[in-house]
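Coordinates from work_0.cif are shown below (mmCIF, C-alpha atoms).
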```cif
data_data
#
loop_
_atom_site.label_atom_id
_atom_site.label_comp_id
_atom_site.auth_asym_id
_atom_site.auth_seq_id
_atom_site.Cartn_x
_atom_site.Cartn_y
_atom_site.Cartn_z
CA MET A 20 -17.37 -17.76 -6.43
CA LYS A 21 -18.41 -17.79 -2.78
CA SER A 22 -17.27 -14.97 -0.50
CA GLN A 23 -16.98 -12.93 -3.70
CA ARG A 24 -17.45 -9.56 -2.04
CA THR A 25 -14.89 -10.24 0.71
CA ILE A 26 -12.30 -11.54 -1.73
CA THR A 27 -12.89 -8.62 -4.07
CA ILE A 28 -12.35 -6.08 -1.29
CA LEU A 29 -9.20 -7.85 -0.10
CA VAL A 30 -7.75 -8.04 -3.62
CA LEU A 31 -8.47 -4.38 -4.35
CA VAL A 32 -6.77 -3.38 -1.08
CA ILE A 33 -3.76 -5.51 -2.05
CA ALA A 34 -3.57 -3.88 -5.49
CA LEU A 35 -3.76 -0.34 -4.12
CA LEU A 36 -1.26 -0.90 -1.31
CA ALA A 37 1.14 -2.80 -3.58
CA ILE A 38 1.15 0.17 -5.95
CA LEU A 39 1.87 2.44 -2.98
CA ALA A 40 4.65 0.24 -1.59
CA THR A 41 6.40 -0.39 -4.91
CA THR A 42 6.26 3.18 -6.22
CA THR A 43 7.46 4.53 -2.87
CA ALA A 44 10.48 2.23 -3.07
CA LEU A 45 11.18 2.90 -6.75
CA PHE A 46 10.94 6.69 -6.58
CA SER A 47 12.41 7.46 -3.15
CA SER A 48 15.99 8.73 -3.17
CA GLU A 49 16.77 10.39 0.17
CA GLY A 50 20.15 9.53 1.67
CA ASN A 51 23.83 9.99 0.89
CA GLY A 52 24.47 6.73 -0.93
CA GLU A 53 26.61 3.69 -0.26
CA TYR A 54 28.86 3.22 2.74
CA VAL A 55 30.58 0.28 4.44
CA TYR A 56 29.30 -1.14 7.71
CA THR A 57 30.92 -3.88 9.80
CA SER A 58 28.30 -6.38 10.97
CA ILE A 59 28.15 -8.25 14.27
CA HIS A 60 29.58 -11.22 12.34
CA GLY A 61 32.68 -9.18 11.44
CA GLU A 62 31.66 -8.91 7.79
CA ASP A 63 32.14 -5.63 5.91
CA VAL A 64 28.81 -4.89 4.26
CA VAL A 65 28.14 -2.28 1.57
CA ILE A 66 24.91 -0.52 2.66
CA TYR A 67 22.67 0.90 -0.08
CA GLY A 68 22.32 4.24 1.72
CA LYS A 69 19.42 5.84 -0.18
CA GLY A 70 15.69 5.62 -0.65
CA LEU A 71 13.27 3.35 1.18
CA TYR A 72 15.84 0.55 1.36
CA LYS A 73 18.69 2.76 2.56
CA HIS A 74 19.53 0.55 5.56
CA MET A 75 19.70 -2.66 3.54
CA SER A 76 22.80 -4.06 1.89
CA SER A 77 23.30 -2.84 -1.67
CA GLU A 78 22.98 -6.33 -3.10
CA VAL A 79 19.64 -7.02 -1.41
CA ALA A 80 18.30 -3.50 -2.06
CA VAL A 81 18.94 -3.88 -5.79
CA GLN A 82 17.08 -7.19 -5.75
CA GLY A 83 14.19 -5.64 -3.82
CA LEU A 84 13.85 -2.82 -6.34
CA ALA A 85 13.90 -5.30 -9.23
CA GLN A 86 11.15 -7.32 -7.59
CA ASP A 87 9.15 -4.15 -6.96
CA VAL A 88 9.16 -3.55 -10.72
CA ILE A 89 7.77 -7.04 -11.36
CA THR A 90 5.16 -6.66 -8.63
CA LEU A 91 4.04 -3.34 -10.12
CA VAL A 92 4.04 -4.17 -13.84
CA ALA A 93 3.08 -7.88 -13.70
CA GLY A 94 1.83 -8.79 -10.23
CA VAL A 95 -0.84 -6.11 -9.84
CA PRO A 96 -2.27 -6.42 -13.40
CA LEU A 97 -2.39 -10.25 -13.16
CA LEU A 98 -4.00 -9.99 -9.73
CA LEU A 99 -6.77 -7.77 -11.08
CA PHE A 100 -7.21 -9.85 -14.23
CA GLY A 101 -7.45 -13.00 -12.10
CA LEU A 102 -10.08 -11.34 -9.92
CA PHE A 103 -12.08 -10.22 -12.97
CA SER A 104 -11.95 -13.72 -14.50
CA ALA A 105 -12.75 -15.49 -11.23
CA ARG A 106 -15.77 -13.24 -10.65
CA ARG A 107 -17.07 -14.33 -14.06
CA GLY A 108 -16.86 -17.97 -12.98
CA SER A 109 -13.64 -18.95 -14.77
CA LEU A 110 -11.73 -21.83 -13.20
CA LYS A 111 -8.55 -20.61 -14.88
CA GLY A 112 -9.23 -17.23 -13.28
CA ARG A 113 -9.43 -18.82 -9.84
CA PHE A 114 -6.15 -20.66 -10.39
CA LEU A 115 -4.51 -17.45 -11.59
CA LEU A 116 -5.86 -15.38 -8.72
CA SER A 117 -4.84 -17.98 -6.12
CA GLY A 118 -1.31 -18.32 -7.50
CA VAL A 119 -0.73 -14.57 -7.71
CA LEU A 120 -2.12 -14.11 -4.19
CA LEU A 121 0.41 -16.68 -2.97
CA TYR A 122 3.12 -14.62 -4.68
CA PHE A 123 2.00 -11.50 -2.79
CA LEU A 124 1.83 -13.49 0.44
CA LEU A 125 5.42 -14.73 0.08
CA THR A 126 6.70 -11.35 -1.10
CA TYR A 127 5.41 -9.35 1.83
CA GLN A 128 6.16 -12.12 4.30
CA PHE A 129 9.80 -11.69 3.29
CA TYR A 130 9.57 -7.89 3.27
CA LEU A 131 8.29 -7.96 6.85
CA ALA A 132 10.84 -10.47 8.10
CA MET A 133 13.97 -9.44 6.20
CA ALA A 134 13.72 -5.84 5.06
CA MET A 135 15.02 -3.26 7.49
CA PHE A 136 12.26 -1.27 9.23
CA ASN A 137 10.95 1.54 7.05
CA THR A 138 7.87 3.74 6.62
CA MET A 139 6.06 1.00 4.68
CA PHE A 140 6.10 -1.45 7.61
CA LEU A 141 2.37 -1.24 8.37
CA THR A 142 1.63 -1.34 4.64
CA TYR A 143 3.53 -4.64 4.47
CA VAL A 144 1.51 -5.91 7.45
CA VAL A 145 -1.81 -5.19 5.72
CA LEU A 146 -0.56 -6.61 2.40
CA LEU A 147 0.49 -9.85 4.07
CA SER A 148 -2.76 -10.11 6.03
CA CYS A 149 -5.02 -9.45 3.03
CA SER A 150 -3.03 -11.83 0.82
CA PHE A 151 -3.21 -14.61 3.41
CA PHE A 152 -6.95 -14.39 4.04
CA ALA A 153 -7.90 -13.92 0.38
CA PHE A 154 -5.76 -16.94 -0.54
CA ILE A 155 -7.31 -19.10 2.20
CA LEU A 156 -10.85 -18.12 1.20
CA LEU A 157 -10.16 -19.07 -2.43
CA ILE A 158 -8.48 -22.39 -1.62
CA LEU A 159 -11.29 -23.44 0.74
CA GLN A 160 -13.77 -23.02 -2.11
CA MET A 161 -11.94 -25.42 -4.42
CA LYS A 162 -13.34 -28.95 -4.35
CA PRO A 163 -10.62 -31.47 -5.35
CA ALA A 164 -12.92 -34.09 -6.88
CA THR A 165 -14.76 -31.50 -8.96
CA LEU A 166 -11.55 -29.86 -10.17
CA MET A 167 -10.01 -33.20 -11.11
CA ALA A 168 -12.92 -33.77 -13.52
CA ALA A 169 -12.36 -30.29 -14.99
CA PHE A 170 -9.08 -31.37 -16.60
CA HIS A 171 -8.73 -33.34 -19.82
CA GLU A 172 -7.61 -36.95 -19.51
CA ARG A 173 -4.58 -36.06 -21.64
CA THR A 174 -3.25 -33.56 -19.06
CA PRO A 175 0.48 -34.36 -18.68
CA VAL A 176 0.25 -34.82 -14.93
CA LYS A 177 3.43 -36.87 -14.66
CA TRP A 178 5.46 -34.25 -16.54
CA VAL A 179 4.13 -31.30 -14.51
CA GLY A 180 4.17 -33.23 -11.23
CA GLY A 181 7.70 -34.41 -11.90
CA PHE A 182 8.80 -30.85 -12.61
CA LEU A 183 7.38 -29.63 -9.28
CA VAL A 184 9.24 -32.41 -7.44
CA PHE A 185 12.42 -31.55 -9.38
CA ASN A 186 12.00 -27.87 -8.47
CA ALA A 187 11.67 -28.76 -4.78
CA LEU A 188 14.76 -30.96 -4.81
CA LEU A 189 16.84 -28.46 -6.82
CA ILE A 190 16.10 -25.43 -4.62
CA GLY A 191 16.24 -27.50 -1.45
CA MET A 192 19.71 -28.82 -2.27
CA GLN A 193 20.85 -25.33 -3.25
CA TRP A 194 19.91 -23.97 0.18
CA LEU A 195 21.16 -26.98 2.16
CA GLN A 196 24.62 -26.82 0.62
CA VAL A 197 24.93 -23.33 2.09
CA ILE A 198 23.28 -24.02 5.45
CA VAL A 199 24.65 -27.44 6.45
CA PRO A 200 28.37 -26.46 6.40
CA ALA A 201 27.54 -23.34 8.44
CA VAL A 202 25.63 -25.41 11.01
CA ILE A 203 28.48 -27.92 11.26
CA ALA A 204 31.03 -25.11 11.64
CA ASN A 205 28.72 -23.34 14.15
CA LYS A 206 29.09 -19.96 12.44
CA PRO A 207 27.00 -17.89 10.03
CA PRO A 208 27.54 -18.58 6.33
CA VAL A 209 29.53 -16.10 4.27
CA GLY A 210 27.16 -13.56 2.75
CA ILE A 211 24.69 -13.30 5.62
CA GLU A 212 25.83 -9.66 5.78
CA HIS A 213 24.18 -7.66 8.61
CA TYR A 214 20.96 -9.70 8.70
CA THR A 215 19.99 -11.77 11.72
CA THR A 216 19.44 -15.15 10.08
CA MET A 217 18.67 -16.87 6.76
CA ILE A 218 15.04 -15.77 6.38
CA VAL A 219 14.50 -16.73 2.73
CA GLN A 220 16.13 -20.13 3.06
CA GLY A 221 14.29 -20.88 6.29
CA TYR A 222 10.81 -20.11 4.97
CA ASP A 223 11.54 -21.88 1.70
CA LEU A 224 12.67 -25.07 3.44
CA ALA A 225 9.85 -24.96 5.99
CA ILE A 226 6.89 -24.06 3.73
CA TYR A 227 7.35 -23.39 0.04
CA ILE A 228 9.70 -26.21 -0.99
CA PRO A 229 7.62 -28.91 0.78
CA ALA A 230 4.52 -27.41 -0.87
CA SER A 231 6.13 -27.83 -4.30
CA PHE A 232 7.11 -31.43 -3.48
CA LEU A 233 3.66 -32.30 -2.13
CA ALA A 234 1.81 -30.70 -5.06
CA GLY A 235 4.08 -32.57 -7.48
CA ILE A 236 3.64 -35.96 -5.83
CA LEU A 237 -0.14 -35.57 -5.55
CA LEU A 238 -0.46 -34.58 -9.21
CA PHE A 239 1.98 -37.25 -10.39
CA THR A 240 -0.10 -39.93 -8.64
CA LYS A 241 -3.37 -38.37 -9.91
CA LYS A 242 -4.76 -37.62 -6.46
CA PRO A 243 -7.69 -35.14 -6.50
CA LEU A 244 -5.90 -32.66 -4.22
CA GLY A 245 -3.07 -32.49 -6.75
CA TYR A 246 -5.44 -30.88 -9.25
CA VAL A 247 -5.94 -28.04 -6.77
CA LEU A 248 -2.41 -27.55 -5.49
CA ALA A 249 -0.43 -28.03 -8.71
CA PRO A 250 -2.11 -25.36 -10.90
CA VAL A 251 -2.01 -22.87 -8.03
CA TYR A 252 1.62 -23.62 -7.20
CA ILE A 253 2.82 -23.58 -10.81
CA THR A 254 1.18 -20.15 -11.22
CA PHE A 255 2.87 -18.94 -8.04
CA LEU A 256 6.19 -20.42 -9.16
CA SER A 257 5.93 -18.63 -12.50
CA MET A 258 5.67 -15.30 -10.67
CA ILE A 259 8.55 -16.18 -8.36
CA MET A 260 10.81 -17.23 -11.23
CA LEU A 261 9.96 -14.01 -13.07
CA ALA A 262 10.87 -12.02 -9.95
CA LEU A 263 14.11 -13.98 -9.45
CA THR A 264 15.09 -13.46 -13.07
CA SER A 265 14.47 -9.72 -12.68
CA LYS A 266 16.67 -9.69 -9.58
CA ILE A 267 19.51 -11.34 -11.45
CA VAL A 268 19.17 -8.85 -14.32
CA GLY A 269 19.10 -5.98 -11.81
CA MET A 270 22.30 -7.23 -10.19
CA TRP A 271 23.97 -7.68 -13.57
CA LEU A 272 23.06 -4.13 -14.60
CA THR A 273 24.64 -2.78 -11.40
CA GLY A 274 27.88 -4.68 -11.87
CA TYR A 275 27.48 -7.81 -9.72
CA GLU A 276 28.84 -11.18 -10.81
CA VAL A 277 25.76 -13.26 -11.72
CA PHE A 278 27.16 -16.28 -13.58
CA PRO A 279 25.85 -19.02 -13.75
CA VAL A 280 22.47 -17.96 -12.27
CA ILE A 281 21.86 -15.54 -15.15
CA ILE A 282 21.54 -18.68 -17.28
CA LEU A 283 19.88 -20.94 -14.70
CA PHE A 284 16.95 -18.72 -13.66
CA PRO A 285 15.76 -17.75 -17.17
CA LEU A 286 15.89 -21.47 -18.00
CA LEU A 287 13.83 -22.33 -14.92
CA LEU A 288 11.42 -19.51 -15.78
CA THR A 289 10.94 -20.94 -19.27
CA LEU A 290 10.34 -24.44 -17.90
CA THR A 291 7.91 -23.13 -15.30
CA LEU A 292 5.90 -21.11 -17.82
CA THR A 293 5.81 -24.13 -20.15
CA ASN A 294 4.40 -26.33 -17.38
CA ALA A 295 1.90 -23.65 -16.35
CA SER A 296 0.74 -23.44 -19.96
CA LEU A 297 0.29 -27.22 -20.08
CA MET A 298 -1.97 -27.12 -17.02
CA TYR A 299 -4.07 -24.17 -18.20
CA ARG A 300 -4.47 -25.51 -21.74
CA ASN A 301 -5.92 -28.76 -20.39
CA VAL A 302 -8.72 -27.17 -18.37
CA ARG A 303 -11.97 -28.10 -20.12
CA PRO A 304 -13.59 -25.06 -21.83
CA THR A 305 -16.89 -25.61 -20.00
CA SER A 306 -15.29 -25.68 -16.53
CA GLN A 307 -16.50 -22.96 -14.17
#
```
Could you express the structure from this file as structure tokens?
Amino acid sequence: MKSQRTITILVLVIALLAILATTTALFSSEGNGEYVYTSIHGEDVVIYGKGLYKHMSSEVAVQGLAQDVITLVAGVPLLLFGLFSARRGSLKGRFLLSGVLLYFLLTYQFYLAMAMFNTMFLTYVVLLSCSFFAFILLILQMKPATLMAAFHERTPVKWVGGFLVFNALLIGMQWLQVIVPAVIANKPPVGIEHYTTMIVQGYDLAIYIPASFLAGILLFTKKPLGYVLAPVYITFLSMIMLALTSKIVGMWLTGYEVFPVIILFPLLLTLTLTNASLMYRNVRPTSQ
């Protein structure tokens, strides 16, 4: 693995700072608790009122804490395991490390853009920066033609590629059905609370949903680049679906109405993990 030392340093910094950021959020409790705030949009918003996320809405704060748990107990260990495997020359390790790095990139991109300012702001900046550059360094090292030959001929590329296209269309339609009526009515959608705009939906539609669609099409048509993008994206998507499922469970435990998503997201998580397993199982044992 080229640039091994640089990537190793970046990944170790990410792991240490992610532990700091997540534990600070999970164990901080200062504040008086929930209160109601009327936003500029005239919406009454229940503010969380305690801990690191005290200025965020209760609904979003609960989701953030649930994702912090996943980042701490799954994201960091998988990041370090991926680094260890990649350093030993494992192609599966490089796919794992790249996908988990993309998860950290998205996570702290959202924390910077959506979370209310808090004492971890500069920590989020460094986490996003290290995740971005480590991810780019890894992706630049992957040679599409070489990686295509590393997979068995029996790899179910149409199944996995089709799933990535389906995922893009499903999430894209979910966001557009909220955004388009609001744009036509020229007013913010219900549920925007006291935030400035639709950060998650915007980044998803601009970057992450097209990436899923492109990776799916390239793999479905057996293009060499698809054998780079699809395994990385399906690993990333597995982490995202795990985090989303944890958010739904966190909301359910705190009394929010979560039907039907409490059925939908675990189902999508299962499908994503199944497709990830199909890709990893079809990497040839001798591939480095």
Using the chain letters and numbers from the file, give me the residues hit by the PyMOL selection byres ((chain A and resi 212) around 7), as a PDB file with C-alpha atoms, in the frame of the given file.
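Result written to out29.pdb:
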```pdb
ATOM      1  CA  SER A  58      28.300  -6.380  10.970  1.00  0.00           C
ATOM      2  CA  GLU A  62      31.660  -8.910   7.790  1.00  0.00           C
ATOM      3  CA  VAL A  64      28.810  -4.890   4.260  1.00  0.00           C
ATOM      4  CA  GLY A 210      27.160 -13.560   2.750  1.00  0.00           C
ATOM      5  CA  ILE A 211      24.690 -13.300   5.620  1.00  0.00           C
ATOM      6  CA  HIS A 213      24.180  -7.660   8.610  1.00  0.00           C
ATOM      7  CA  TYR A 214      20.960  -9.700   8.700  1.00  0.00           C
TER       8      TYR A 214
END
```
Target residues per the PyMOL selection byres ((chain A and resi 138) around 12), formatted as a ChimeraX atom specification: /A:39-40,43-44,47,70-73,131,134-137,139-144
Counting all atoms listed in the file, the option among A:Gln196, A:Ala262, A:Gly269, A:Phe182 closest to Thr291 in chain A: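 Closest candidate: A:Phe182.
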Distance of CA of Gln86 in chain A from CA of Leu189 in chain A, expressed in Å to one decimal place: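 That distance, rounded to one decimal, is 21.9 Å.
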Near range 218-233 of chain A, 10 Å: range 249-286 of chain A residue rows, closest pairs, only C-alpha atoms, as a tab-separated table:
```
residue	atom	partner	partner_atom	distance
A:Ala249	CA	A:Ser231	CA	7.9
A:Tyr252	CA	A:Ser231	CA	6.8
A:Ile253	CA	A:Ser231	CA	8.4
A:Leu256	CA	A:Ser231	CA	8.9
```
Residues matched by the PyMOL selection byres ((chain A and resi 31) around 12), written as a PyMOL selection string: chain A and resi 24-30+32-38+95-96+98-103+120+146+149-150+153
Of the listed residues A:Ser22, A:Thr41, A:Ser109, A:Thr57, that which approaches Ala169 in chain A most closely, counting all atoms listed in the file: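 Residue with the minimum atom-to-atom distance to Ala169 in chain A: A:Ser109.
Among the candidates A:Val277, A:Val247, A:Ala80, A:Leu125, the residue lying nearest to Leu159 in chain A is A:Val247 (atoms considered: all atoms listed in the file).
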Nearest to Leu166 in chain A, chosen from A:Lys206, A:Val88, A:Leu244, A:Tyr275, with all atoms listed in the file counted in the distances: A:Leu244
Minimum-distance residue to His171 in chain A, chosen among A:Val202, A:Leu297, A:Leu45, A:Ile282 (using only C-alpha atoms):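 Nearest candidate to His171 in chain A out of A:Val202, A:Leu297, A:Leu45, A:Ile282: A:Leu297.
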Residue among A:Val55, A:Tyr122, A:Gln23, A:Asn186 lying closest to Gln160 in chain A, counting only C-alpha atoms: A:Gln23
